[in-house]
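Data block below; observations after.
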Protein chains: 2
Amino acid sequence: MSSDPLVIFTPSGKRGRFPVGTPILTAARQLGVDLDSVCGGRGICSKCQIAPSYGEFAKHGVTVRDGALSEWNAVEERYKQKRGLKDGRRLGCQATVQGDVVIDVPPESQVHKQVVRKRAEARDIIMNPTVRLCYVEVAEPDMHDPSGDLERLTDALRDQWQIEGARADLHILTTLQPVLRKGGWKVTCAIHQGADDATPRIMHVWPGLHESGIFGVAVDLGSTTIAAHLCDLQSGEVVASSGLMNPQIRFGEDLMSRVSYSMMHPGGAAEMTAAVREGMNTLFDQVAAETGIDKAQIMDAVFVCNPVMHHLFLGIDPFELGQAPFALATSEALHLFARDLELDLHPAARSYILPCIAGHVGADAAGVVLSEAPEKSEDLVLVVDVGTNAEIVLGNREKVLACSSPTGPAFEGAQISSGQRAAPGAIERVEIDPVSKAPRFKVIGSDLWSDEPGFAEATAATGITGICGSGIIEMVAEMRMAGLVDGPGLIGSPEQTGSDRIFADGRTWSYLVWDGTEQGGPKITVTNRDIREIQMAKAALYSGARLLMDKFGVDSVDRVVLAGAFGAHISPKHAMVLGMIPDVPLDKVTSAGNAAGTGARIALLNRSARAEIEATVRNIHKIETAIEPRFQEHFVNASNIPNSAEPFPNLSRVVTLPDLNFNTGGGDDGGRRRRRRG
Amino acid sequence: MSSDPLVIFTPSGKRGRFPVGTPILTAARQLGVDLDSVCGGRGICSKCQIAPSYGEFAKHGVTVRDGALSEWNAVEERYKQKRGLKDGRRLGCQATVQGDVVIDVPPESQVHKQVVRKRAEARDIIMNPTVRLCYVEVAEPDMHDPSGDLERLTDALRDQWQIEGARADLHILTTLQPVLRKGGWKVTCAIHQGADDATPRIMHVWPGLHESGIFGVAVDLGSTTIAAHLCDLQSGEVVASSGLMNPQIRFGEDLMSRVSYSMMHPGGAAEMTAAVREGMNTLFDQVAAETGIDKAQIMDAVFVCNPVMHHLFLGIDPFELGQAPFALATSEALHLFARDLELDLHPAARSYILPCIAGHVGADAAGVVLSEAPEKSEDLVLVVDVGTNAEIVLGNREKVLACSSPTGPAFEGAQISSGQRAAPGAIERVEIDPVSKAPRFKVIGSDLWSDEPGFAEATAATGITGICGSGIIEMVAEMRMAGLVDGPGLIGSPEQTGSDRIFADGRTWSYLVWDGTEQGGPKITVTNRDIREIQMAKAALYSGARLLMDKFGVDSVDRVVLAGAFGAHISPKHAMVLGMIPDVPLDKVTSAGNAAGTGARIALLNRSARAEIEATVRNIHKIETAIEPRFQEHFVNASNIPNSAEPFPNLSRVVTLPDLNFNTGGGDDGGRRRRRRG
């Protein structure tokens with residue numbers, strides 16, 4: 001009836017007229033307003049808290065008077081006494097409509113609450129996890145109408161929660177009868193739905209009301225480290241994060257050496273599978289202990305990983321990934337029980353592994369795509385996740401392309417004479433004075449530059465031990481800008497560069513960064529071979545990006561996202577000086593941090609995102625660099641460090657690159673022909 | 001084109017015109033003719049054998065001339081040489097249409113072949129098992145279009161077999177890559193579909209063609225014995241049958257003592273679960289060994305059992321079944337992995353347990369219903385499965401009712417003074433001469449009557465040890481017909497009966513059947529207490545049937561089916577004399593044998609039958625005798641053995657029952673007042 005009071009919900013703006021006496025929760029459900037409840041409106045959980053507003057609302061065309069809601073009642077008072085309720089809050093299942101009213105649903109009362117991400121360009125996560133809690137009151141058995149306890153429970157889920165056709169895992173059957181009787185026929189179910197259209201499964205039944213304490217874990221299973229975020233499956237909050245070294249490292253530092261291990265040792269793959277699963281369980285112990293929960297409270301686990309780790313984790317011999325045509329055993333996403341992977345979580349815990357894109361572009365790249373959503377981007381975005389292999393994704397709403405490029409380990413500090421992993425003591429930032437050619441730098445573990453007072457004291461504990469991946473990128477770029485290295489990548493002689501830090505080193509020249517020998521430390525230098533290694537790595541990365549641009553039919557991209565732990569530390573300016581990434585305005589280069597891990601977290605907290613990334617991955621155009629002649633072409637062309645800013649018009653607004661060619665003979669690598677002095 | 005040759009298939013009668021050169025298998029598929037193939041028409045399996053007919057077919061309006069099919073080809077010749085092919089048979093994938101032709105599809109070439117049952121009134125089983133074999137040729141990996149090996153396999157299943165959306169179990173993933181390569185990208189999949197609309201799952205992948213050797217097992221899990229039929233999942237043939245004692249017998253002979261055991265002993269239910277599962281594996285070892293197959297070739301297992309065994313097998317404490325309101329943990333059918341039940345079959349073997357009807361009417365009764373199909377019967381059929389509990393089903397197309405009735409163990413020979421299990425030496429058939437009052441009988445293990453020459457020799461090995469269930473029914477009925485027992489159930493005195501085999505036995509009279517004491521055997525007698533036990537049991541059975549008839553609103557039924565091993569041995573005439581079952585013409589009483597086990601076999605061989613029995617069970621009207629006042633009423637009225645044939649007009653055409661009342665005092669059980677003589 002039109003004379004019924006008007007109920008307006010904010011922030012959704014949904015509105016409708018309801019008879020006097022209608023509970024706000026009922027009105028919300030009828031209008032499809034997102035208002036949480038575990039107890040189903042029985043006033044025993046506090047999930048349906050609402051905040052009524054009073055006064056005149058010109059915008060909504062209503063005036064809300066005192067008495068627009070029923071009076072504060074005994075259920076609310078008891079709740080407030082026992083568990084607290086903020087001033088101005090009511091329980092939506094208790095407060096009933098008495099007159100026109102405006103009801104605000106605070107974020108924490110929404111089922112599909114948003115988990116806000118820090119970066120402005122990143123989309124927020126909408127909570128829609130695979131597991132939720134539903135309190136039900138179950139009919140008692142009746143000899144006049146015999147039926148199973150489980151069937152009366154599923155009837156209750158259907159009638160009280162509109163959950164149709166729920167099925168129970170076997171372990172539920174074996175414990176259901178005492179739990180129902182202990183709870184006096186009132187129980188809370190954890191309901192699992194892996195996809196929006198999947199059969200609901202009863203994972204757990206607690207006697208009485210059980211309104212919180214269910215968790216999920218999002219895991220980035222890397223070749224070197226395994227990182228896990230433990231998330232509250234109701235709030236979406238990350239309650240603990242932890243990491244450990246991948247225990248497979250003892251079988252080989254990099255992926256290919258692990259593939260070789262499995263080829264050379266019968267049972268080697270199984271050994272590595274056992275090792276990574278054991279490591280995973282240790283990591284789960286860590287995050288559970290940190291949060292003070294039982295591992296059995298972890299009911300869902302989502303994984304991203306590269307193809308080799310993917311296969312080893314699943315117990316698949318990665319043999320085929322070690323040789324062309326690099327065939328994956330399966331590329332589709334996998335919905336499994338956690339116990340199938342020997343993970344010691346809740347006995348019915350599920351696990352989900354994101355799809356792989358191709359033989360070299362794994363579920364980790366799918367995680368990056370899920371996090372960065374190039375397929376939703378208006379402008380053309382290039383996403384690079386740099387590691388031993390770089391995964392490169394280019395796309396916008398029109399289409400998305402992906403490839404991987406064998407950058408090698410140089411960007412991780414390996415195969416660099418003074419290179420090392422990112423760890424305290426490693427040089428991570430560098431500036432070289434263009435006049436004096438002297439470096440100043442920062443090391444991991446201290447915020448001071450090396451020429452600032454107190455630097456020696458600040459680094460005394462760690463020493464200055466080497467150069468990490470992001471440090472070597474800055475180092476080479478700074479050397480290029482300071483005129484120590486020419487376009488083709490040769491370090492000039494002391495005469496050519498005017499620097500007394502240049503010294504002869506075999507048939508080429510090297511640059512002294514730091515001499516720590518007096519303090520018992522190393523002499524940190526950059527050799528021409530180091531420059532070559534970095535050139536090869538950056539050429540591989542750039543050629544991959546360039547190949548995708550060719551395939552897309554473009555010469556430039558609108559923005560660049562650097563993903564991965566390494567990406568977070570790269571200086572965009574230096575990366576562009578080196579020619580690692582195509583030229584874009586510097587403010588269009590952003591770091592996405594561990595985007596793969598974020599993708600895992602999104603898939604954990606939002607089941608719809610799973611179907612979404614599965615569809616996106618199916619539609620991605622997969623490019624295999626190994627069989628693209630243009631990739632080789634680009635690679636050859638990309639090995640130079642730009643000699644002038646010409647190919648980088650955006651960069652030229654920021655830095656000037658001297659035109660240099662230290663090669664005094666002919667050919668590209670004249671440095672090799674330099675004679676040893678002495 | 002209408003000038004294309006006409007192809008007519010028999011026995012289906014389906015017909016259509018096809019261009020010259022169309023393979024018969026292709027024509028069959030287009031017309032929906034049921035013609036088998038594992039290899040998908042590649043001429044390497046022989047499943048698509050057909051028999052062309054030649055000559056004039058007035059009925060079909062065609063004349064088939066020589067040359068109506070393409071000539072016998074090299075593939076067929078090779079097949080015939082290697083594996084044999086009956087004369088007149090062709091391979092449907094090789095023979096192509098050249099002119100009008102009539103093609104007979106022999107039964108063994110049909111996918112949905114019929115498994116013929118022996119009884120005329122029983123419906124045949126149409127083969128539609130949950131597991132089938134499909135040979136596919138899989139695309140090799142291609143770097144230009146990267147995809148997983150599994151995805152190319154599922155594409156092949158879709159394109160070559162119209163199997164949409166097949167998923168693989170995890171164990172398939174771990175072995176798929178070497179199998180595909182070993183088979184040269186030609187493999188055979190075992191595809192599981194538990195229901196017609198269930199997601200197809202790949203259970204196994206063999207390299208190359210694998211056209212036979214998949215089995216299933218149908219199990220009747222009884223309180224006393226476990227019986228299994230091993231069936232070929234392609235032909236439907238029972239290749240082995242075996243049974244063993246339920247190892248739970250050591251925890252209690254009957255169900256209620258097992259429920260008590262679990263109540264009195266913490267962990268007792270788990271012990272019994274372990275015992276029955278272990279017994280099940282032993283039984284599977286037996287049938288596999290008998291057939292000479294590996295247990296891993298058993299890919300599906302179907303179970304029927306009573307509610308207590310159902311719960312104990314599943315690992316559910318049967319506590320609630322021991323007390324009102326007799327609540328089942330679950331009544332619905334269960335689709336599980338066999339390994340969930342610790343069954344050692346194929347690693348991906350499935351298991352299916354039929355639904356339970358009510359707390360006392362189990363999956364075994366559902367098996368009986370599936371076998372006897374009362375819901376499809378035009379006439380009103382009463383099905384009784386007699387055991388410690390009798391399950392009673394009454395119904396026709398209109399509706400079906402079911403109840404159970406506590407008959408107690410008397411029908412199994414327990415609580416009878418000379419009673420014993422059905423075993424060699426037990427009296428199973430009896431006739432008592434109405435004049436001499438002397439018995440003649442047969443014992444299990446011999447076909448001779450006791451008054452025939454050679455009987456003593458024939459029974460020398462076993463002796464004459466007691467009376468089994470069917471024997472005691474005949475005995476009491478014969479005693480009634482011979483005038484040794486009156487309507488109320490009293491044994492008369494020697495004077496009243498005129499028999500010198502009657503002797504005083506405490507306060508009542510007993511009847512001497514056989515005195516084996518001279519040979520060191522027992523004296524076999526029937527006491528008045530034995531008569532009372534049988535009266536109680538038959539009254540319970542009859543009252544249950546009568547109650548269902550009341551609920552149905554009828555006074556008579558059209559036919560009676562006796563199910564169960566015991567049912568197979570009961571003499572309908574004697575059962576009717578006793579008043580165990582309602583009066584119907586004797587030729588309307590049939591024995592269904594182990595109908596529960598047959599139901600399990602139907603569910604094993606035809607997956608559609610599963611959905612069917614699940615729907616039927618849901619629609620059955622469940623009657624709980626314990627809360628029906630009319631059951632008690634009927635019970636009191638049914639304890640008499642009919643005094644004349646009046647309530648049994650059909651019976652009176654066959655036998656005459658003397659009007660007798662040996663009670664010389666007053667009241668019903670005057671026998672008790674007899675004084676001990678001597």
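Each chain in the structure tokens gets a letter, A, B and so on, in the order shown; residues start at 1 in every chain, and ligands are counted from 1 in the order they appear.
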
Give me the chain A side of the contact with chain B, cut-off 7 Å, one line per residue showing its nearest atom pair and distance in Å at one decimal, counting only C-alpha atoms, sorted by chain and residue number, as a Markdown table.
| residue | atom | partner | partner_atom | distance |
| --- | --- | --- | --- | --- |
| A:Pro141 | CA | B:Ala327 | CA | 6.1 |
| A:Asp142 | CA | B:Pro325 | CA | 6.4 |
| A:Met143 | CA | B:Pro325 | CA | 5.5 |
| A:His144 | CA | B:Glu624 | CA | 6.6 |
| A:Asp145 | CA | B:Lys622 | CA | 6.9 |
| A:Pro146 | CA | B:Ala358 | CA | 5.6 |
| A:Ser147 | CA | B:Ser331 | CA | 6.3 |
| A:Gly148 | CA | B:Thr330 | CA | 4.1 |
| A:Asp149 | CA | B:Ala329 | CA | 4.9 |
| A:Leu150 | CA | B:Thr330 | CA | 5.1 |
| A:Glu151 | CA | B:Thr330 | CA | 6.4 |
| A:Leu173 | CA | B:Ala329 | CA | 6.4 |
| A:Thr174 | CA | B:Ile316 | CA | 4.5 |
| A:Leu176 | CA | B:Ala329 | CA | 6.9 |
| A:Gln177 | CA | B:Ala329 | CA | 6.1 |
| A:Gly315 | CA | B:Thr174 | CA | 5.9 |
| A:Ile316 | CA | B:Thr174 | CA | 4.5 |
| A:Pro325 | CA | B:Met143 | CA | 5.5 |
| A:Ala327 | CA | B:Pro141 | CA | 6.0 |
| A:Leu328 | CA | B:Gly148 | CA | 4.6 |
| A:Ala329 | CA | B:Asp149 | CA | 4.9 |
| A:Thr330 | CA | B:Gly148 | CA | 4.1 |
| A:Ser331 | CA | B:Gly148 | CA | 4.7 |
| A:Ala358 | CA | B:Pro146 | CA | 5.6 |
| A:Gly359 | CA | B:Pro146 | CA | 7.0 |
| A:Lys622 | CA | B:Pro146 | CA | 6.8 |
| A:Glu624 | CA | B:Met143 | CA | 6.3 |

Exercise: region 525-537 of chain B partners within 9 Å, only C-alpha atoms, chain neighbours under 5 positions left out, as a VMD selection string: chain B and resid 406 to 411 415 to 419 466 472 to 473 475 to 476 485 489 to 491 505 508 to 515 542 578 to 580 635 638 to 641 671

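Counting only C-alpha atoms and comparing A:Ile214, A:Leu660, A:Val560, A:Ala275, the residue that lies closest to Asp587 (chain A) is A:Val560.
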
Shell of 10 Å around Lys113 (chain A), only C-alpha atoms, local chain residues under 5 positions omitted, as a list in words: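 Surrounding residues, per the criterion: Asp34, Leu35, Asp36, Pro106, Pro107, Glu108, Asp124, Ile125, Ile126, Met127, Asn128, Gln234, Ser235 and Gly236 of chain A.
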
Next, dump the selected residues to file, keeping only N, CA, C and O atoms, as a PDB file, in the first residue's frame.
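The resulting file, again25.pdb, is reproduced below:
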ATOM      1  N   ASP A  34      22.296  -5.321   0.674  1.00  0.00           N
ATOM      2  CA  ASP A  34      23.356  -6.186   1.182  1.00  0.00           C
ATOM      3  C   ASP A  34      23.536  -5.979   2.689  1.00  0.00           C
ATOM      4  O   ASP A  34      24.331  -5.157   3.125  1.00  0.00           O
ATOM      5  N   LEU A  35      22.755  -6.715   3.501  1.00  0.00           N
ATOM      6  CA  LEU A  35      22.845  -6.606   4.963  1.00  0.00           C
ATOM      7  C   LEU A  35      23.134  -7.991   5.520  1.00  0.00           C
ATOM      8  O   LEU A  35      22.385  -8.948   5.293  1.00  0.00           O
ATOM      9  N   ASP A  36      24.238  -8.094   6.242  1.00  0.00           N
ATOM     10  CA  ASP A  36      24.742  -9.392   6.701  1.00  0.00           C
ATOM     11  C   ASP A  36      23.857  -9.968   7.814  1.00  0.00           C
ATOM     12  O   ASP A  36      23.100  -9.256   8.473  1.00  0.00           O
ATOM     13  N   PRO A 106      26.275   0.213   7.611  1.00  0.00           N
ATOM     14  CA  PRO A 106      27.711   0.470   7.721  1.00  0.00           C
ATOM     15  C   PRO A 106      28.504  -0.631   7.006  1.00  0.00           C
ATOM     16  O   PRO A 106      28.008  -1.762   6.872  1.00  0.00           O
ATOM     17  N   PRO A 107      29.723  -0.298   6.536  1.00  0.00           N
ATOM     18  CA  PRO A 107      30.481  -1.269   5.727  1.00  0.00           C
ATOM     19  C   PRO A 107      30.594  -2.637   6.390  1.00  0.00           C
ATOM     20  O   PRO A 107      30.450  -3.656   5.733  1.00  0.00           O
ATOM     21  N   GLU A 108      30.813  -2.664   7.705  1.00  0.00           N
ATOM     22  CA  GLU A 108      31.031  -3.961   8.354  1.00  0.00           C
ATOM     23  C   GLU A 108      29.764  -4.801   8.441  1.00  0.00           C
ATOM     24  O   GLU A 108      29.814  -5.977   8.777  1.00  0.00           O
ATOM     25  N   ASP A 124      39.157  -2.450  -5.769  1.00  0.00           N
ATOM     26  CA  ASP A 124      38.943  -3.026  -4.450  1.00  0.00           C
ATOM     27  C   ASP A 124      38.427  -4.450  -4.606  1.00  0.00           C
ATOM     28  O   ASP A 124      37.952  -4.854  -5.657  1.00  0.00           O
ATOM     29  N   ILE A 125      38.538  -5.197  -3.526  1.00  0.00           N
ATOM     30  CA  ILE A 125      38.046  -6.575  -3.535  1.00  0.00           C
ATOM     31  C   ILE A 125      36.658  -6.576  -2.895  1.00  0.00           C
ATOM     32  O   ILE A 125      36.472  -6.031  -1.816  1.00  0.00           O
ATOM     33  N   ILE A 126      35.692  -7.171  -3.594  1.00  0.00           N
ATOM     34  CA  ILE A 126      34.349  -7.302  -3.034  1.00  0.00           C
ATOM     35  C   ILE A 126      34.264  -8.663  -2.357  1.00  0.00           C
ATOM     36  O   ILE A 126      34.539  -9.683  -2.981  1.00  0.00           O
ATOM     37  N   MET A 127      33.916  -8.701  -1.101  1.00  0.00           N
ATOM     38  CA  MET A 127      33.864  -9.965  -0.376  1.00  0.00           C
ATOM     39  C   MET A 127      32.760 -10.865  -0.934  1.00  0.00           C
ATOM     40  O   MET A 127      31.591 -10.483  -0.972  1.00  0.00           O
ATOM     41  N   ASN A 128      33.156 -12.035  -1.343  1.00  0.00           N
ATOM     42  CA  ASN A 128      32.204 -13.059  -1.797  1.00  0.00           C
ATOM     43  C   ASN A 128      32.924 -14.400  -1.719  1.00  0.00           C
ATOM     44  O   ASN A 128      33.139 -15.069  -2.715  1.00  0.00           O
ATOM     45  N   GLN A 234      35.448 -13.562   6.730  1.00  0.00           N
ATOM     46  CA  GLN A 234      34.254 -12.726   6.864  1.00  0.00           C
ATOM     47  C   GLN A 234      34.559 -11.252   6.638  1.00  0.00           C
ATOM     48  O   GLN A 234      33.818 -10.563   5.947  1.00  0.00           O
ATOM     49  N   SER A 235      35.706 -10.783   7.219  1.00  0.00           N
ATOM     50  CA  SER A 235      36.033  -9.362   7.040  1.00  0.00           C
ATOM     51  C   SER A 235      36.909  -9.148   5.812  1.00  0.00           C
ATOM     52  O   SER A 235      36.984  -8.044   5.294  1.00  0.00           O
ATOM     53  N   GLY A 236      37.604 -10.171   5.383  1.00  0.00           N
ATOM     54  CA  GLY A 236      38.535 -10.020   4.276  1.00  0.00           C
ATOM     55  C   GLY A 236      39.909  -9.553   4.710  1.00  0.00           C
ATOM     56  O   GLY A 236      40.849  -9.502   3.916  1.00  0.00           O
TER      57      GLY A 236
END

Spatial neighbours of Asn619 (chain A), max dist 10 Å, only C-alpha atoms, sep filter under 2 positions, as an MDAnalysis selection string: chainID A and resid 357 375 399:401 613:617 621:622

Which of region 20-220 of chain B DSSP labels helix (DSSP H, G or I), written as a PyMOL selection string: chain B and resi 24-31+74-83+107-109+149-161+170-182

Ala348 (chain B) surroundings by only C-alpha atoms, 12 Å radius, close-in-sequence under 5 positions cut, as a list in words: Val131, Ala168, Asp169, Leu170, His171, Ile172, Ala190, Ile191, His192, Arg201, Ile202, Met203, His204, Val205, Ala296, Gln297, Ile298, Met299, Asp300, Ala301, Leu336, Phe337, Ala338, Arg339, Asp340, Glu342 and Leu343 of chain B

Residue neighbourhood Leu448 (chain A), 12 Å, only C-alpha atoms, exclusion window fewer than 6 positions, as a list in words: Ile427, Glu428, Arg429, Val430, Arg440, Phe441, Lys442, Gly454, Phe455, Ala456, Glu457, Ala458 and Thr459 of chain A

Residue selection dump (N, CA, C and O atoms) as a compact mmCIF listing (two decimals), in the first residue's frame:
# COMPACT_ATOMS: atom_id res chain seq x y z
N ILE A 427 73.75 -3.31 -1.86
CA ILE A 427 73.51 -1.99 -2.43
C ILE A 427 72.22 -2.05 -3.24
O ILE A 427 72.06 -2.92 -4.10
N GLU A 428 71.28 -1.14 -2.92
CA GLU A 428 70.00 -1.18 -3.64
C GLU A 428 69.71 0.11 -4.39
O GLU A 428 68.88 0.14 -5.28
N ARG A 429 70.33 1.23 -3.99
CA ARG A 429 70.12 2.50 -4.69
C ARG A 429 71.49 3.07 -5.00
O ARG A 429 72.41 2.98 -4.18
N VAL A 430 71.62 3.72 -6.14
CA VAL A 430 72.92 4.28 -6.57
C VAL A 430 72.70 5.61 -7.26
O VAL A 430 71.73 5.77 -8.00
N ARG A 440 77.45 7.36 -4.92
CA ARG A 440 76.90 7.30 -3.55
C ARG A 440 75.79 6.27 -3.63
O ARG A 440 75.18 6.08 -4.69
N PHE A 441 75.56 5.60 -2.54
CA PHE A 441 74.60 4.50 -2.59
C PHE A 441 73.95 4.29 -1.24
O PHE A 441 74.40 4.83 -0.23
N LYS A 442 72.88 3.51 -1.29
CA LYS A 442 72.22 3.07 -0.07
C LYS A 442 72.27 1.55 -0.02
O LYS A 442 72.23 0.90 -1.08
N GLY A 454 77.15 9.10 9.64
CA GLY A 454 76.54 7.97 10.36
C GLY A 454 76.37 6.74 9.52
O GLY A 454 75.97 5.69 10.03
N PHE A 455 76.71 6.83 8.21
CA PHE A 455 76.51 5.67 7.32
C PHE A 455 77.35 4.47 7.75
O PHE A 455 76.86 3.34 7.81
N ALA A 456 78.62 4.77 8.09
CA ALA A 456 79.53 3.68 8.47
C ALA A 456 78.98 2.94 9.68
O ALA A 456 78.97 1.70 9.72
N GLU A 457 78.49 3.72 10.67
CA GLU A 457 77.95 3.11 11.88
C GLU A 457 76.71 2.30 11.55
O GLU A 457 76.52 1.18 12.03
N ALA A 458 75.86 2.89 10.69
CA ALA A 458 74.57 2.25 10.38
C ALA A 458 74.76 0.94 9.65
O ALA A 458 73.93 0.04 9.75
N THR A 459 75.86 0.81 8.91
CA THR A 459 76.07 -0.41 8.12
C THR A 459 77.12 -1.31 8.73
O THR A 459 77.50 -2.32 8.14

Atom-to-atom span, CA of Glu478 (chain B) and CA of Ser404 (chain B), Å: 27.5 Å

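Nearest-residue note for Ala365 (chain B): choosing from B:Gly463, B:Pro11, B:Gly564, B:Gly165, the minimum distance belongs to B:Gly564, counting only C-alpha atoms.
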
Contacts of Ser608 (chain A) within 9 Å, only C-alpha atoms, excl. fewer than 2 positions in-chain, as number ranges by chain: A: 128-129, 194-196, 603, 606, 610-613

Would you save the residues from that selection as a compact mmCIF listing (two decimals), in the first residue's frame, using C-alpha atoms?
# COMPACT_ATOMS: atom_id res chain seq x y z
CA ASN A 128 32.20 -13.06 -1.80
CA PRO A 129 34.21 -15.92 -0.35
CA GLY A 194 33.52 -22.91 -5.07
CA ALA A 195 31.74 -21.06 -7.83
CA ASP A 196 28.52 -19.09 -7.92
CA ALA A 603 40.40 -15.44 -5.75
CA ASN A 606 35.70 -13.58 -4.13
CA ARG A 610 37.61 -17.34 -10.13
CA ALA A 611 35.23 -17.80 -13.02
CA GLU A 612 36.31 -14.39 -14.21
CA ILE A 613 40.04 -15.13 -14.31

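Using only C-alpha atoms for every distance, the candidate list A:Pro629, A:Pro649, A:Gly40, A:Gly67 yields A:Gly67 as the residue closest to Ser53 (chain A).
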